[in-house]
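Text of protein_29.cif, listed as mmCIF, C-alpha atoms and all ligand atoms:
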data_model
#
loop_
_atom_site.label_atom_id
_atom_site.label_comp_id
_atom_site.auth_asym_id
_atom_site.auth_seq_id
_atom_site.Cartn_x
_atom_site.Cartn_y
_atom_site.Cartn_z
CA MET A 1 -104.56 21.11 47.27
CA LYS A 2 -105.19 22.59 43.83
CA THR A 3 -103.45 25.93 43.56
CA LYS A 4 -103.90 28.77 41.12
CA TRP A 5 -100.36 29.86 40.33
CA ALA A 6 -98.74 32.82 38.66
CA ILE A 7 -95.25 31.97 37.44
CA LEU A 8 -92.81 34.80 36.71
CA SER A 9 -89.22 34.66 35.52
CA ASP A 10 -86.30 36.85 34.42
CA ILE A 11 -87.20 40.29 35.74
CA HIS A 12 -83.59 41.37 35.21
CA GLY A 13 -83.69 44.58 37.19
CA ASN A 14 -86.51 46.04 35.08
CA LEU A 15 -88.67 47.82 37.66
CA GLU A 16 -91.14 49.23 35.14
CA ALA A 17 -91.87 45.73 33.81
CA ILE A 18 -92.35 44.03 37.19
CA ARG A 19 -94.53 46.91 38.43
CA ALA A 20 -96.80 46.48 35.41
CA VAL A 21 -96.99 42.73 36.01
CA ALA A 22 -97.75 43.29 39.72
CA GLN A 23 -100.59 45.57 38.67
CA ASP A 24 -101.91 42.98 36.20
CA LEU A 25 -101.72 40.26 38.88
CA ARG A 26 -104.18 42.16 41.08
CA ARG A 27 -106.88 41.29 38.56
CA GLU A 28 -105.95 37.61 38.28
CA ARG A 29 -106.73 36.46 41.85
CA VAL A 30 -103.93 33.89 41.98
CA GLU A 31 -103.21 31.99 45.20
CA ARG A 32 -99.43 31.71 44.90
CA ILE A 33 -96.73 33.47 42.92
CA ALA A 34 -93.54 31.65 41.97
CA PHE A 35 -90.42 33.30 40.57
CA LEU A 36 -87.96 31.30 38.47
CA GLY A 37 -84.79 33.36 38.80
CA ASP A 38 -82.78 36.22 37.30
CA ALA A 39 -84.33 38.96 39.40
CA VAL A 40 -81.25 41.06 38.62
CA GLY A 41 -78.77 41.67 35.80
CA TYR A 42 -79.23 43.83 32.63
CA GLY A 43 -81.64 46.37 34.16
CA ALA A 44 -80.96 49.46 36.27
CA ASP A 45 -83.02 48.71 39.39
CA PRO A 46 -81.81 45.46 41.00
CA ASN A 47 -82.54 46.41 44.62
CA GLU A 48 -85.97 47.87 43.92
CA CYS A 49 -86.90 44.77 41.90
CA LEU A 50 -85.81 42.49 44.74
CA SER A 51 -87.95 44.41 47.24
CA LEU A 52 -91.04 44.20 45.06
CA LEU A 53 -90.40 40.56 44.19
CA LYS A 54 -90.11 39.58 47.86
CA SER A 55 -93.47 41.20 48.57
CA LEU A 56 -95.09 39.29 45.69
CA ALA A 57 -93.64 35.78 45.46
CA SER A 58 -93.72 33.03 48.08
CA LEU A 59 -91.49 30.70 46.06
CA ILE A 60 -88.25 32.02 44.55
CA VAL A 61 -85.36 30.14 42.95
CA ALA A 62 -82.00 31.42 41.71
CA GLY A 63 -81.00 32.30 38.16
CA ASN A 64 -77.49 32.46 36.73
CA HIS A 65 -77.44 36.27 36.92
CA ASP A 66 -78.55 36.20 40.57
CA TYR A 67 -75.75 33.81 41.51
CA GLY A 68 -73.30 35.59 39.18
CA ALA A 69 -73.88 38.94 40.87
CA VAL A 70 -72.97 37.50 44.29
CA GLY A 71 -70.02 35.36 43.21
CA LEU A 72 -71.78 31.99 43.33
CA THR A 73 -71.32 31.09 39.67
CA ASP A 74 -68.42 31.44 37.25
CA LEU A 75 -68.67 34.58 35.09
CA SER A 76 -66.38 33.31 32.33
CA TYR A 77 -69.15 31.76 30.20
CA PHE A 78 -71.35 34.90 30.17
CA ASN A 79 -71.27 37.03 27.01
CA PRO A 80 -69.52 40.43 27.41
CA LEU A 81 -72.79 42.41 27.74
CA ALA A 82 -74.18 40.08 30.38
CA LYS A 83 -70.88 40.05 32.23
CA ALA A 84 -70.65 43.86 32.26
CA ALA A 85 -74.19 44.08 33.65
CA ILE A 86 -73.52 41.41 36.29
CA ILE A 87 -70.41 43.23 37.52
CA TRP A 88 -72.36 46.53 37.61
CA THR A 89 -75.19 44.79 39.50
CA GLY A 90 -72.80 43.21 42.00
CA LYS A 91 -71.52 46.67 42.96
CA LYS A 92 -75.02 48.16 43.12
CA LEU A 93 -76.62 45.49 45.35
CA THR A 94 -77.30 46.30 48.98
CA GLU A 95 -75.97 43.93 51.64
CA GLU A 96 -79.55 42.78 52.23
CA GLY A 97 -79.98 42.02 48.54
CA ARG A 98 -76.71 40.15 48.43
CA VAL A 99 -77.60 37.96 51.42
CA PHE A 100 -81.02 37.26 49.91
CA LEU A 101 -79.61 36.18 46.52
CA ARG A 102 -76.93 34.03 48.12
CA GLY A 103 -79.61 32.13 50.05
CA LEU A 104 -81.79 31.23 47.06
CA PRO A 105 -82.16 27.53 46.15
CA LEU A 106 -81.56 26.24 42.61
CA TRP A 107 -84.91 24.52 42.37
CA ARG A 108 -88.08 23.77 44.31
CA GLU A 109 -90.79 21.18 43.99
CA VAL A 110 -94.32 21.81 45.29
CA GLU A 111 -97.30 19.49 44.82
CA GLY A 112 -95.39 17.60 42.12
CA ILE A 113 -94.57 20.76 40.15
CA THR A 114 -90.91 21.60 39.55
CA PHE A 115 -89.84 25.24 39.58
CA VAL A 116 -86.35 25.88 38.18
CA HIS A 117 -84.51 28.55 36.20
CA ALA A 118 -82.64 26.53 33.56
CA THR A 119 -83.10 22.73 33.43
CA PRO A 120 -84.75 20.27 35.84
CA ASN A 121 -81.95 17.71 35.34
CA GLU A 122 -78.92 19.91 36.04
CA PRO A 123 -80.16 23.24 37.39
CA GLY A 124 -76.70 24.58 38.26
CA GLU A 125 -75.26 24.02 34.76
CA TRP A 126 -77.44 26.77 33.26
CA ASP A 127 -78.08 24.90 30.01
CA TYR A 128 -80.89 25.98 27.68
CA ILE A 129 -83.84 23.92 26.46
CA PHE A 130 -84.87 24.90 22.92
CA THR A 131 -85.44 21.51 21.26
CA PRO A 132 -87.12 18.18 22.11
CA PRO A 133 -83.75 16.35 22.44
CA GLU A 134 -82.64 18.99 24.94
CA ALA A 135 -85.88 18.52 26.89
CA ARG A 136 -85.62 14.72 27.06
CA GLU A 137 -82.97 14.57 29.81
CA SER A 138 -85.00 16.96 31.90
CA PHE A 139 -88.17 14.89 31.56
CA ARG A 140 -86.15 11.90 32.80
CA ALA A 141 -85.14 13.84 35.91
CA MET A 142 -88.69 14.99 36.75
CA SER A 143 -90.78 13.00 39.19
CA GLY A 144 -93.95 15.03 38.60
CA GLU A 145 -95.82 15.90 35.44
CA VAL A 146 -95.04 19.61 35.10
CA ALA A 147 -91.94 21.79 35.31
CA PHE A 148 -91.87 25.55 34.85
CA ILE A 149 -88.65 27.09 33.57
CA GLY A 150 -87.26 30.45 32.38
CA HIS A 151 -83.69 31.35 31.34
CA SER A 152 -84.05 31.62 27.53
CA HIS A 153 -86.59 34.49 27.73
CA TYR A 154 -88.53 32.66 25.01
CA PRO A 155 -91.94 31.17 25.88
CA LEU A 156 -92.13 27.53 24.73
CA ILE A 157 -93.96 24.37 25.72
CA PHE A 158 -92.46 20.89 25.59
CA ALA A 159 -94.85 17.95 25.84
CA GLU A 160 -93.88 14.32 26.47
CA LYS A 161 -96.25 11.52 25.55
CA GLU A 162 -96.37 8.25 27.52
CA ASP A 163 -94.18 6.59 24.86
CA GLY A 164 -91.43 9.17 25.56
CA ILE A 165 -91.89 11.16 22.34
CA VAL A 166 -91.30 14.86 23.02
CA SER A 167 -92.77 17.67 20.93
CA VAL A 168 -92.45 21.43 21.20
CA PHE A 169 -95.00 24.14 20.48
CA GLU A 170 -95.82 27.77 21.12
CA LYS A 171 -99.26 28.49 22.51
CA GLU A 172 -100.62 31.25 24.71
CA GLU A 173 -103.46 29.19 26.12
CA PHE A 174 -103.98 25.45 26.51
CA ILE A 175 -105.26 22.71 28.78
CA LEU A 176 -102.69 20.22 30.10
CA GLN A 177 -103.74 16.71 29.03
CA GLU A 178 -103.87 13.73 31.41
CA GLY A 179 -101.08 11.22 30.75
CA MET A 180 -98.80 13.85 29.22
CA ARG A 181 -95.90 15.61 30.95
CA TYR A 182 -94.87 19.19 30.31
CA ILE A 183 -91.92 21.57 30.57
CA ILE A 184 -93.24 25.10 30.20
CA ASN A 185 -91.07 28.15 29.64
CA VAL A 186 -92.97 31.20 30.89
CA GLY A 187 -90.82 33.75 29.04
CA SER A 188 -89.35 36.87 30.66
CA VAL A 189 -90.89 39.75 32.60
CA GLY A 190 -88.06 42.20 32.09
CA GLN A 191 -86.30 41.30 28.84
CA PRO A 192 -88.50 39.29 26.41
CA ARG A 193 -86.69 37.83 23.39
CA ASP A 194 -89.54 36.45 21.28
CA ARG A 195 -90.08 39.64 19.28
CA ASN A 196 -92.90 40.70 21.57
CA PRO A 197 -91.73 43.49 23.91
CA GLY A 198 -94.60 42.95 26.39
CA ALA A 199 -93.64 41.59 29.81
CA ALA A 200 -94.44 37.86 29.86
CA TYR A 201 -95.62 35.62 32.69
CA GLY A 202 -97.62 32.42 33.09
CA LEU A 203 -100.82 31.51 34.92
CA TYR A 204 -101.51 27.88 35.81
CA ASP A 205 -104.64 26.65 37.51
CA GLU A 206 -104.09 23.14 38.89
CA GLY A 207 -107.85 22.64 39.25
CA SER A 208 -108.84 23.29 35.63
CA ARG A 209 -105.33 22.36 34.33
CA LYS A 210 -105.44 25.52 32.22
CA TYR A 211 -102.23 27.37 31.33
CA LEU A 212 -102.23 30.93 30.05
CA LEU A 213 -99.29 33.04 28.91
CA LYS A 214 -99.95 36.70 29.63
CA ARG A 215 -98.33 39.75 28.00
CA VAL A 216 -98.37 43.12 29.69
CA SER A 217 -97.26 46.40 28.13
CA TYR A 218 -95.17 48.65 30.34
CA ASP A 219 -93.20 51.91 30.30
CA VAL A 220 -90.30 50.78 28.08
CA PRO A 221 -88.85 54.31 27.50
CA THR A 222 -88.34 54.88 31.24
CA ALA A 223 -86.61 51.49 31.68
CA GLN A 224 -84.40 52.32 28.69
CA LYS A 225 -83.46 55.77 30.00
CA LYS A 226 -82.44 54.32 33.36
CA ILE A 227 -80.19 51.73 31.68
CA LEU A 228 -78.45 54.42 29.62
CA LYS A 229 -78.12 56.77 32.60
CA ALA A 230 -76.55 53.96 34.67
CA GLY A 231 -73.84 53.55 32.04
CA LEU A 232 -74.89 49.99 31.22
CA PRO A 233 -74.34 48.78 27.60
CA PRO A 234 -76.79 50.70 25.30
CA PHE A 235 -77.91 47.50 23.53
CA LEU A 236 -79.53 46.40 26.81
CA ALA A 237 -81.82 49.43 26.49
CA GLN A 238 -82.40 49.12 22.72
CA ARG A 239 -83.48 45.47 22.83
CA LEU A 240 -86.38 46.18 25.21
CA ALA A 241 -88.28 48.07 22.47
CA SER A 242 -88.25 45.18 20.01
CA GLY A 243 -88.18 42.20 22.36
CA VAL A 244 -85.10 40.50 20.96
FE FE A 301 -82.25 35.57 32.23
#
Can you turn what I pasted into structure tokens?
Amino acid sequence: MKTKWAILSDIHGNLEAIRAVAQDLRRERVERIAFLGDAVGYGADPNECLSLLKSLASLIVAGNHDYGAVGLTDLSYFNPLAKAAIIWTGKKLTEEGRVFLRGLPLWREVEGITFVHATPNEPGEWDYIFTPPEARESFRAMSGEVAFIGHSHYPLIFAEKEDGIVSVFEKEEFILQEGMRYIINVGSVGQPRDRNPGAAYGLYDEGSRKYLLKRVSYDVPTAQKKILKAGLPPFLAQRLASGV
């Protein structure tokens, strides 16, 4: 079956951003929505984001903030801002939200497509893929031709040729070539870090093999005010305006 997917990642408790993306998705007529982790952490509305996410996505994997907020991953390697937000989130989560996050898998594979938060080769290590050498191990671990990832909040595409040479590029629209394999970072819905503050998500049509990175503007000031009112670190509000 050839599916038309929407792939979302890293909502991070930003209700205004995920609402805007949900609105945008109504126009896109996708068949399935996948979410690549970090529903919570940083933003002020973890429970509301989880409710909306559950109504949207039929495939959801865990991110490091999701597991961190429910005690399933070590908090010692998080930076102080992230750690403060994770501890705040852990206290704020409802029991239902906690049970849901604890039950999320680290990765899923559907129709030969891998869906994972960090890396396909060691999903629970929470490593980042920014360069071709970092992508190489993950390509080795993939049985299919495409993996979608999040985690860095920076949209990037890694392409592996049949001879094993891996290149990296940034493109908002492209057709996946036969014989190539890809690791595609779809960016972040709720805390973009590529100097574009618009909520990011990916669309992939298995039939036409077309990938599209979408950007959606949303009510940043409201998301910022909620973060400040919650007593979360002010930088977490400031960064939303510039997308860093
Ligand atoms: Fe994240």
Counting all atoms listed in the file, the option among A:Ile60, A:Leu15, A:Val189, A:Val30 closest to ligand FE 301 (chain A):
A:Val189
Axis-aligned box for region 8-26 of chain A, 3 Å per side, centre and edges in Å as lines of an AutoDock Vina configuration file:
center_x = -93.9
center_y = 41.9
center_z = 37.4
size_x = 26.6
size_y = 20.6
size_z = 13.3
Sorted per-residue table, chain A near ligand FE 301 (chain A), closest atoms and distance, 6 Å, all atoms listed in the file, as a tab-separated table:
residue	atom	partner	partner_atom	distance
A:Asp10	CA	A:FE301	FE	4.8
A:Asp38	CA	A:FE301	FE	5.1
A:His151	CA	A:FE301	FE	4.5
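Of the listed residues A:Val21, A:Pro120, A:Lys226, A:Ser9, the one whose atoms come nearest to Gly198 (chain A) is A:Val21, with distances taken using all atoms listed in the file.
Atom to atom, CA of Gly207 (chain A) and CA of Gly190 (chain A) stand 28.7 Å apart.
Closest approach to Leu106 (chain A) among A:Ile149, A:Ile86, A:Ala22, A:Ile11 is made by A:Ile149 (distances from only C-alpha atoms).
Among the candidates A:Ile227, A:Ala241, A:Ala141, A:Ala82, the one nearest to Gly43 (chain A) when counting all atoms listed in the file is A:Ile227.
Using only C-alpha atoms, the residues found no farther than 6 Å from Pro197 (chain A), other than those of its own chain fewer than 3 positions away, are Pro192, Ala241, Ser242 and Gly243 of chain A.
Nearest residue to Gly124 (chain A), choosing from A:Ser143, A:Ser138, A:Thr73, A:Asn185 and counting only C-alpha atoms: A:Thr73.
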Residues near Lys171 (chain A), anyone? I mean within 9 Å using all atoms listed in the file, not counting same-chain ones fewer than 5 positions away, as a list of chain:residue names.
A:Pro155, A:Leu156, A:Ile157, A:Leu212, A:Leu213
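The nearest approach to Ala69 (chain A) among the residues A:Ser55, A:Ser208, A:Thr131, A:Thr94, with all atoms listed in the file taken into account, belongs to A:Thr94.
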Which neighbours of Pro46 (chain A) fall inside 7 Å, counting only C-alpha atoms, when residues of the same chain fewer than 3 positions from it are skipped, and could you give them as a list in words?
Gly13, Val40, Gly43, Cys49, Leu50, Thr89 and Leu93 of chain A
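Note that CA of Thr114 (chain A) and CA of Phe148 (chain A) are 6.2 Å apart.
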Which residues come within 9 Å of Pro221 (chain A), counting only C-alpha atoms, excluding same-chain residues fewer than 3 positions away, as a PyMOL selection string?
chain A and resi 218+224-226+237+240-241
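Taking CA of Arg136 (chain A) as the reference point, CA of Ile175 (chain A) is found at 21.3 Å.
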